[in-house]
file structure_22.pdb (PDB, C-alpha atoms)
ATOM      1  CA  LEU A   1     -16.357   8.795   5.048
ATOM      2  CA  ILE A   2     -14.114   6.816   2.774
ATOM      3  CA  TYR A   3     -12.014   8.532   0.148
ATOM      4  CA  GLY A   4      -9.812   6.725  -2.323
ATOM      5  CA  GLU A   5      -7.937   6.803  -5.587
ATOM      6  CA  VAL A   6      -7.882   3.862  -7.999
ATOM      7  CA  TYR A   7      -4.783   3.543 -10.200
ATOM      8  CA  LYS A   8      -4.524   1.749 -13.555
ATOM      9  CA  ASP A   9      -2.010  -0.728 -12.092
ATOM     10  CA  GLY A  10      -4.646  -2.008  -9.651
ATOM     11  CA  ARG A  11      -3.640  -0.055  -6.551
ATOM     12  CA  PHE A  12      -6.309   1.526  -4.396
ATOM     13  CA  ARG A  13      -5.108   4.167  -1.942
ATOM     14  CA  PHE A  14      -7.721   5.286   0.550
ATOM     15  CA  LEU A  15      -8.438   6.723   3.917
ATOM     16  CA  SER A  16     -11.309   5.659   6.087
ATOM     17  CA  ALA A  17     -12.899   7.756   8.778
ATOM     18  CA  GLY A  18     -15.399   5.475  10.533
ATOM     19  CA  HIS A  19     -16.386   3.658   7.322
ATOM     20  CA  PRO A  20     -16.299  -0.125   6.721
ATOM     21  CA  PRO A  21     -13.215  -1.288   4.798
ATOM     22  CA  PRO A  22     -13.620  -2.229   1.133
ATOM     23  CA  LEU A  23     -14.465  -5.794   0.146
ATOM     24  CA  VAL A  24     -12.321  -7.318  -2.620
ATOM     25  CA  PHE A  25     -13.459 -10.322  -4.671
ATOM     26  CA  SER A  26     -10.591 -12.068  -6.454
ATOM     27  CA  HIS A  27     -11.595 -13.214  -9.936
ATOM     28  CA  GLU A  28      -8.653 -15.641 -10.042
ATOM     29  CA  ARG A  29      -9.294 -17.184  -6.600
ATOM     30  CA  ASP A  30     -13.104 -16.986  -6.946
ATOM     31  CA  ARG A  31     -13.583 -15.667  -3.407
ATOM     32  CA  ILE A  32     -13.697 -12.593  -1.219
ATOM     33  CA  GLU A  33     -10.219 -11.764   0.040
ATOM     34  CA  ILE A  34     -10.083 -10.768   3.684
ATOM     35  CA  LEU A  35      -8.088  -7.577   4.104
ATOM     36  CA  GLY A  36      -6.037  -7.679   7.273
ATOM     37  CA  ASP A  37      -5.620  -4.817   9.702
ATOM     38  CA  ASP A  38      -2.441  -3.714   7.909
ATOM     39  CA  PHE A  39      -4.585  -2.829   4.843
ATOM     40  CA  THR A  40      -7.479  -1.247   6.703
ATOM     41  CA  LYS A  41      -6.265   1.270   9.240
ATOM     42  CA  GLY A  42      -9.199   3.402  10.246
ATOM     43  CA  SER A  43      -9.472   6.768  11.860
ATOM     44  CA  THR A  44     -12.141   8.397  13.960
ATOM     45  CA  PRO A  45     -15.315   9.302  12.067
ATOM     46  CA  LEU A  46     -15.045  12.566  10.204
ATOM     47  CA  GLY A  47     -16.151  15.507  12.345
ATOM     48  CA  ILE A  48     -15.634  13.905  15.767
ATOM     49  CA  PHE A  49     -12.426  15.841  16.351
ATOM     50  CA  PRO A  50     -11.681  19.076  14.530
ATOM     51  CA  SER A  51      -8.639  19.073  12.294
ATOM     52  CA  ALA A  52      -5.414  20.472  13.695
ATOM     53  CA  TYR A  53      -5.085  22.252  10.373
ATOM     54  CA  ASN A  54      -7.402  25.053   9.318
ATOM     55  CA  VAL A  55      -6.766  27.414   6.409
ATOM     56  CA  ASP A  56      -8.088  30.292   8.521
ATOM     57  CA  VAL A  57      -6.067  29.316  11.601
ATOM     58  CA  GLU A  58      -5.374  32.922  12.495
ATOM     59  CA  HIS A  59      -9.134  33.480  13.009
ATOM     60  CA  PHE A  60      -9.792  30.560  15.398
ATOM     61  CA  GLU A  61      -8.577  29.394  18.774
ATOM     62  CA  ARG A  62      -6.919  25.992  18.712
ATOM     63  CA  THR A  63      -9.105  23.437  20.495
ATOM     64  CA  PRO A  64      -7.525  21.087  23.056
ATOM     65  CA  ILE A  65      -8.525  17.909  21.176
ATOM     66  CA  THR A  66      -7.755  17.749  17.469
ATOM     67  CA  LYS A  67      -7.075  15.168  14.780
ATOM     68  CA  ASP A  68      -3.573  15.638  13.355
ATOM     69  CA  LYS A  69      -3.762  13.262  10.384
ATOM     70  CA  TYR A  70      -5.567  10.328   8.859
ATOM     71  CA  ASP A  71      -3.800   7.073   7.948
ATOM     72  CA  VAL A  72      -3.678   6.315   4.225
ATOM     73  CA  ASN A  73      -4.159   2.663   3.295
ATOM     74  CA  GLU A  74      -3.024   0.991   0.105
ATOM     75  CA  ILE A  75      -4.331  -2.219  -1.438
ATOM     76  CA  GLN A  76      -2.402  -3.807  -4.292
ATOM     77  CA  LEU A  77      -4.757  -6.734  -4.735
ATOM     78  CA  LEU A  78      -6.743  -5.580  -7.725
ATOM     79  CA  GLY A  79      -5.885  -7.922 -10.594
ATOM     80  CA  LYS A  80      -7.665  -8.465 -13.898
ATOM     81  CA  GLY A  81     -11.362  -9.065 -13.293
ATOM     82  CA  ASP A  82     -11.204  -8.352  -9.551
ATOM     83  CA  ILE A  83     -14.135  -6.558  -7.958
ATOM     84  CA  MET A  84     -13.964  -4.059  -5.124
ATOM     85  CA  LEU A  85     -17.022  -2.975  -3.169
ATOM     86  CA  LEU A  86     -17.135   0.278  -1.246
ATOM     87  CA  HIS A  87     -20.220   0.114   0.936
ATOM     88  CA  THR A  88     -22.045   1.238   4.036
ATOM     89  CA  ASP A  89     -22.614  -1.077   6.989
ATOM     90  CA  GLY A  90     -26.124  -1.699   5.678
ATOM     91  CA  LEU A  91     -24.559  -4.293   3.355
ATOM     92  CA  THR A  92     -22.541  -6.146   5.963
ATOM     93  CA  GLU A  93     -25.148  -6.080   8.756
ATOM     94  CA  HIS A  94     -28.197  -7.006   6.624
ATOM     95  CA  HIS A  95     -29.861 -10.193   7.880
ATOM     96  CA  SER A  96     -32.842 -12.376   7.032
ATOM     97  CA  GLY A  97     -34.293 -12.574  10.541
ATOM     98  CA  ASP A  98     -31.499 -14.547  12.185
ATOM     99  CA  ARG A  99     -29.207 -11.904  13.675
ATOM    100  CA  ASN A 100     -26.331 -14.437  13.691
ATOM    101  CA  GLN A 101     -26.319 -14.739   9.888
ATOM    102  CA  ASN A 102     -25.770 -11.705   7.711
ATOM    103  CA  PHE A 103     -25.891 -11.131   3.969
ATOM    104  CA  ARG A 104     -22.145 -10.665   3.544
ATOM    105  CA  ASP A 105     -21.214 -13.922   5.281
ATOM    106  CA  THR A 106     -23.933 -16.131   3.779
ATOM    107  CA  LYS A 107     -24.860 -14.761   0.343
ATOM    108  CA  LEU A 108     -22.587 -12.019  -1.021
ATOM    109  CA  GLU A 109     -19.691 -14.220  -2.166
ATOM    110  CA  GLN A 110     -22.070 -16.470  -4.108
ATOM    111  CA  VAL A 111     -23.626 -13.439  -5.829
ATOM    112  CA  LEU A 112     -20.180 -12.113  -6.789
ATOM    113  CA  ARG A 113     -19.094 -15.537  -8.047
ATOM    114  CA  GLU A 114     -22.149 -15.728 -10.319
ATOM    115  CA  ALA A 115     -21.828 -12.133 -11.573
ATOM    116  CA  LYS A 116     -18.023 -11.779 -11.772
ATOM    117  CA  ASN A 117     -17.886 -11.807 -15.595
ATOM    118  CA  ARG A 118     -20.462  -9.022 -15.913
ATOM    119  CA  SER A 119     -20.013  -5.246 -15.925
ATOM    120  CA  ALA A 120     -19.791  -3.235 -12.695
ATOM    121  CA  LYS A 121     -23.339  -1.948 -13.280
ATOM    122  CA  GLU A 122     -24.676  -5.494 -13.725
ATOM    123  CA  ILE A 123     -22.786  -6.681 -10.626
ATOM    124  CA  TYR A 124     -24.388  -3.872  -8.619
ATOM    125  CA  SER A 125     -27.849  -4.890  -9.894
ATOM    126  CA  ALA A 126     -27.220  -8.545  -8.967
ATOM    127  CA  ILE A 127     -26.113  -7.550  -5.446
ATOM    128  CA  ARG A 128     -29.135  -5.275  -4.995
ATOM    129  CA  ARG A 129     -31.615  -7.967  -6.155
ATOM    130  CA  ALA A 130     -30.078 -10.595  -3.852
ATOM    131  CA  TYR A 131     -29.920  -8.103  -0.967
ATOM    132  CA  LEU A 132     -33.627  -7.246  -1.216
ATOM    133  CA  ALA A 133     -34.598 -10.922  -1.612
ATOM    134  CA  TYR A 134     -32.534 -11.877   1.463
ATOM    135  CA  GLY A 135     -34.674  -9.981   3.960
ATOM    136  CA  PRO A 136     -36.412  -6.685   4.625
ATOM    137  CA  GLN A 137     -34.143  -3.660   4.414
ATOM    138  CA  GLU A 138     -33.669  -2.093   7.859
ATOM    139  CA  ASP A 139     -30.659   0.165   7.258
ATOM    140  CA  ASP A 140     -29.396   2.502   4.586
ATOM    141  CA  LEU A 141     -27.450   0.934   1.738
ATOM    142  CA  ALA A 142     -24.837   2.506  -0.491
ATOM    143  CA  ILE A 143     -22.597   0.426  -2.744
ATOM    144  CA  ALA A 144     -19.970   1.432  -5.283
ATOM    145  CA  VAL A 145     -18.701  -1.394  -7.496
ATOM    146  CA  VAL A 146     -15.205  -1.064  -9.001
ATOM    147  CA  LYS A 147     -14.077  -3.728 -11.461
ATOM    148  CA  LYS A 148     -10.528  -4.004 -12.816
ATOM    149  CA  GLN A 149     -10.524  -4.715 -16.553
TER
END

call {"tool": "encode", "arguments": {"input": "structure_22.pdb", "output": "structure tokens"}}
result
Amino acid sequence: LIYGEVYKDGRFRFLSAGHPPPLVFSHERDRIEILGDDFTKGSTPLGIFPSAYNVDVEHFERTPITKDKYDVNEIQLLGKGDIMLLHTDGLTEHHSGDRNQNFRDTKLEQVLREAKNRSAKEIYSAIRRAYLAYGPQEDDLAIAVVKKQ
């Protein structure tokens, strides 16, 4: 699970529970910006540990292992024209036969560079076309494209 809120000023506040961190393509720098660990704190996948909080707490015994809270991340990198991708690991682990080369590291930045002036819907279509042309799909794929105007 990844849950986030996008603000008009370009901030993206999110929490991640076992989900890959977002990818951000800088329109100004013409490249994917690597988000360091300080921007991408993750938590255990949702459902692994029950929450310490339950609205019906009086009806349940407290379990010995619980998850008290999830860390909220905040990215302030979204400038005019920047693109953020929320995605499953099917995007980052997709390969063309050589397991040492994946779609994200060899093709994705080029696709974003070529499509950066298009709409979010058109950027998604360009990614999908390039993804399917890169190699046979072996994993699920979900992508949400957010573009700052």

call {"tool": "resolve_selection", "arguments": {"input": "structure_22.pdb", "expression": "the PyMOL selection byres ((chain A and resi 11) around 9)", "output": "ChimeraX atom specification"}}
result
/A:5-10,12-13,74-78

call {"tool": "resolve_selection", "arguments": {"input": "structure_22.pdb", "expression": "the PyMOL selection byres ((chain A and resi 135) around 10)", "output": "list in words"}}
result
His94, His95, Ser96, Gly97, Asp98, Asn102, Phe103, Ala130, Tyr131, Leu132, Ala133, Tyr134, Pro136, Gln137 and Glu138 of chain A

call {"tool": "atom_distance", "arguments": {"input": "structure_22.pdb", "atom1": "CA of Ala120 in chain A", "atom2": "CA of Glu28 in chain A"}}
result
16.9 Å

call {"tool": "residues_around", "arguments": {"input": "structure_22.pdb", "residues": "Gln110 in chain A", "least_positions_apart": "3", "cutoff": "12 Å", "atoms": "only C-alpha atoms", "output": "ChimeraX atom specification"}}
result
/A:25,30-32,103-107,113-116,123,126-127,130-131

call {"tool": "atom_distance", "arguments": {"input": "structure_22.pdb", "atom1": "CA of Leu23 in chain A", "atom2": "CA of Leu86 in chain A"}}
result
6.8 Å

call {"tool": "atom_distance", "arguments": {"input": "structure_22.pdb", "atom1": "CA of Asn73 in chain A", "atom2": "CA of Ser16 in chain A"}}
result
8.2 Å

call {"tool": "residues_near_point", "arguments": {"input": "structure_22.pdb", "point": "(-15.0, -6.1, -6.4)", "cutoff": "6 Å", "atoms": "only C-alpha atoms", "output": "number ranges by chain"}}
result
A: 24-25, 82-85, 146-147

call {"tool": "closest_residue", "arguments": {"input": "structure_22.pdb", "among": "A:Leu15, A:Val111, A:Leu91, A:Val145", "to": "Leu1 in chain A", "atoms": "only C-alpha atoms"}}
result
A:Leu15

call {"tool": "build_atoms", "arguments": {"input": "structure_22.pdb", "residues": "range 78-102 of chain A", "atoms": "N, CA and C atoms", "output": "PDB file, in the coordinates of the input"}}
result
ATOM      1  N   LEU A  78      -5.817  -5.601  -6.604  1.00  0.00           N
ATOM      2  CA  LEU A  78      -6.743  -5.580  -7.725  1.00  0.00           C
ATOM      3  C   LEU A  78      -6.085  -6.072  -9.005  1.00  0.00           C
ATOM      4  N   GLY A  79      -6.378  -7.329  -9.351  1.00  0.00           N
ATOM      5  CA  GLY A  79      -5.885  -7.922 -10.594  1.00  0.00           C
ATOM      6  C   GLY A  79      -6.991  -7.930 -11.631  1.00  0.00           C
ATOM      7  N   LYS A  80      -6.691  -8.431 -12.804  1.00  0.00           N
ATOM      8  CA  LYS A  80      -7.665  -8.465 -13.898  1.00  0.00           C
ATOM      9  C   LYS A  80      -8.944  -9.181 -13.457  1.00  0.00           C
ATOM     10  N   GLY A  81     -10.061  -8.495 -13.619  1.00  0.00           N
ATOM     11  CA  GLY A  81     -11.362  -9.065 -13.293  1.00  0.00           C
ATOM     12  C   GLY A  81     -11.760  -8.956 -11.833  1.00  0.00           C
ATOM     13  N   ASP A  82     -10.865  -8.475 -10.973  1.00  0.00           N
ATOM     14  CA  ASP A  82     -11.204  -8.352  -9.551  1.00  0.00           C
ATOM     15  C   ASP A  82     -12.260  -7.281  -9.342  1.00  0.00           C
ATOM     16  N   ILE A  83     -13.023  -7.447  -8.282  1.00  0.00           N
ATOM     17  CA  ILE A  83     -14.135  -6.558  -7.958  1.00  0.00           C
ATOM     18  C   ILE A  83     -13.898  -5.996  -6.565  1.00  0.00           C
ATOM     19  N   MET A  84     -14.055  -4.694  -6.437  1.00  0.00           N
ATOM     20  CA  MET A  84     -13.964  -4.059  -5.124  1.00  0.00           C
ATOM     21  C   MET A  84     -15.293  -3.390  -4.823  1.00  0.00           C
ATOM     22  N   LEU A  85     -15.786  -3.611  -3.609  1.00  0.00           N
ATOM     23  CA  LEU A  85     -17.022  -2.975  -3.169  1.00  0.00           C
ATOM     24  C   LEU A  85     -16.718  -1.969  -2.077  1.00  0.00           C
ATOM     25  N   LEU A  86     -17.131  -0.743  -2.286  1.00  0.00           N
ATOM     26  CA  LEU A  86     -17.135   0.278  -1.246  1.00  0.00           C
ATOM     27  C   LEU A  86     -18.589   0.356  -0.811  1.00  0.00           C
ATOM     28  N   HIS A  87     -18.840   0.300   0.488  1.00  0.00           N
ATOM     29  CA  HIS A  87     -20.220   0.114   0.936  1.00  0.00           C
ATOM     30  C   HIS A  87     -20.426   0.680   2.332  1.00  0.00           C
ATOM     31  N   THR A  88     -21.678   0.874   2.668  1.00  0.00           N
ATOM     32  CA  THR A  88     -22.045   1.238   4.036  1.00  0.00           C
ATOM     33  C   THR A  88     -22.273  -0.036   4.830  1.00  0.00           C
ATOM     34  N   ASP A  89     -22.407   0.102   6.145  1.00  0.00           N
ATOM     35  CA  ASP A  89     -22.614  -1.077   6.989  1.00  0.00           C
ATOM     36  C   ASP A  89     -23.975  -1.731   6.762  1.00  0.00           C
ATOM     37  N   GLY A  90     -24.848  -1.074   6.026  1.00  0.00           N
ATOM     38  CA  GLY A  90     -26.124  -1.699   5.678  1.00  0.00           C
ATOM     39  C   GLY A  90     -25.941  -2.966   4.866  1.00  0.00           C
ATOM     40  N   LEU A  91     -24.842  -3.079   4.125  1.00  0.00           N
ATOM     41  CA  LEU A  91     -24.559  -4.293   3.355  1.00  0.00           C
ATOM     42  C   LEU A  91     -24.078  -5.414   4.262  1.00  0.00           C
ATOM     43  N   THR A  92     -23.165  -5.101   5.147  1.00  0.00           N
ATOM     44  CA  THR A  92     -22.541  -6.146   5.963  1.00  0.00           C
ATOM     45  C   THR A  92     -23.414  -6.584   7.136  1.00  0.00           C
ATOM     46  N   GLU A  93     -24.315  -5.737   7.594  1.00  0.00           N
ATOM     47  CA  GLU A  93     -25.148  -6.080   8.756  1.00  0.00           C
ATOM     48  C   GLU A  93     -26.550  -6.547   8.382  1.00  0.00           C
ATOM     49  N   HIS A  94     -26.865  -6.585   7.093  1.00  0.00           N
ATOM     50  CA  HIS A  94     -28.197  -7.006   6.624  1.00  0.00           C
ATOM     51  C   HIS A  94     -28.415  -8.479   6.954  1.00  0.00           C
ATOM     52  N   HIS A  95     -29.570  -8.803   7.501  1.00  0.00           N
ATOM     53  CA  HIS A  95     -29.861 -10.193   7.880  1.00  0.00           C
ATOM     54  C   HIS A  95     -31.272 -10.575   7.437  1.00  0.00           C
ATOM     55  N   SER A  96     -31.546 -11.858   7.485  1.00  0.00           N
ATOM     56  CA  SER A  96     -32.842 -12.376   7.032  1.00  0.00           C
ATOM     57  C   SER A  96     -33.753 -12.744   8.193  1.00  0.00           C
ATOM     58  N   GLY A  97     -33.500 -12.234   9.365  1.00  0.00           N
ATOM     59  CA  GLY A  97     -34.293 -12.574  10.541  1.00  0.00           C
ATOM     60  C   GLY A  97     -33.423 -13.176  11.623  1.00  0.00           C
ATOM     61  N   ASP A  98     -32.456 -13.978  11.233  1.00  0.00           N
ATOM     62  CA  ASP A  98     -31.499 -14.547  12.185  1.00  0.00           C
ATOM     63  C   ASP A  98     -30.336 -13.581  12.325  1.00  0.00           C
ATOM     64  N   ARG A  99     -30.239 -12.927  13.463  1.00  0.00           N
ATOM     65  CA  ARG A  99     -29.207 -11.904  13.675  1.00  0.00           C
ATOM     66  C   ARG A  99     -27.789 -12.482  13.644  1.00  0.00           C
ATOM     67  N   ASN A 100     -27.651 -13.807  13.717  1.00  0.00           N
ATOM     68  CA  ASN A 100     -26.331 -14.437  13.691  1.00  0.00           C
ATOM     69  C   ASN A 100     -25.835 -14.698  12.270  1.00  0.00           C
ATOM     70  N   GLN A 101     -26.716 -14.522  11.280  1.00  0.00           N
ATOM     71  CA  GLN A 101     -26.319 -14.739   9.888  1.00  0.00           C
ATOM     72  C   GLN A 101     -26.604 -13.476   9.098  1.00  0.00           C
ATOM     73  N   ASN A 102     -25.563 -12.917   8.496  1.00  0.00           N
ATOM     74  CA  ASN A 102     -25.770 -11.705   7.711  1.00  0.00           C
ATOM     75  C   ASN A 102     -25.534 -11.968   6.227  1.00  0.00           C
TER      76      ASN A 102
END
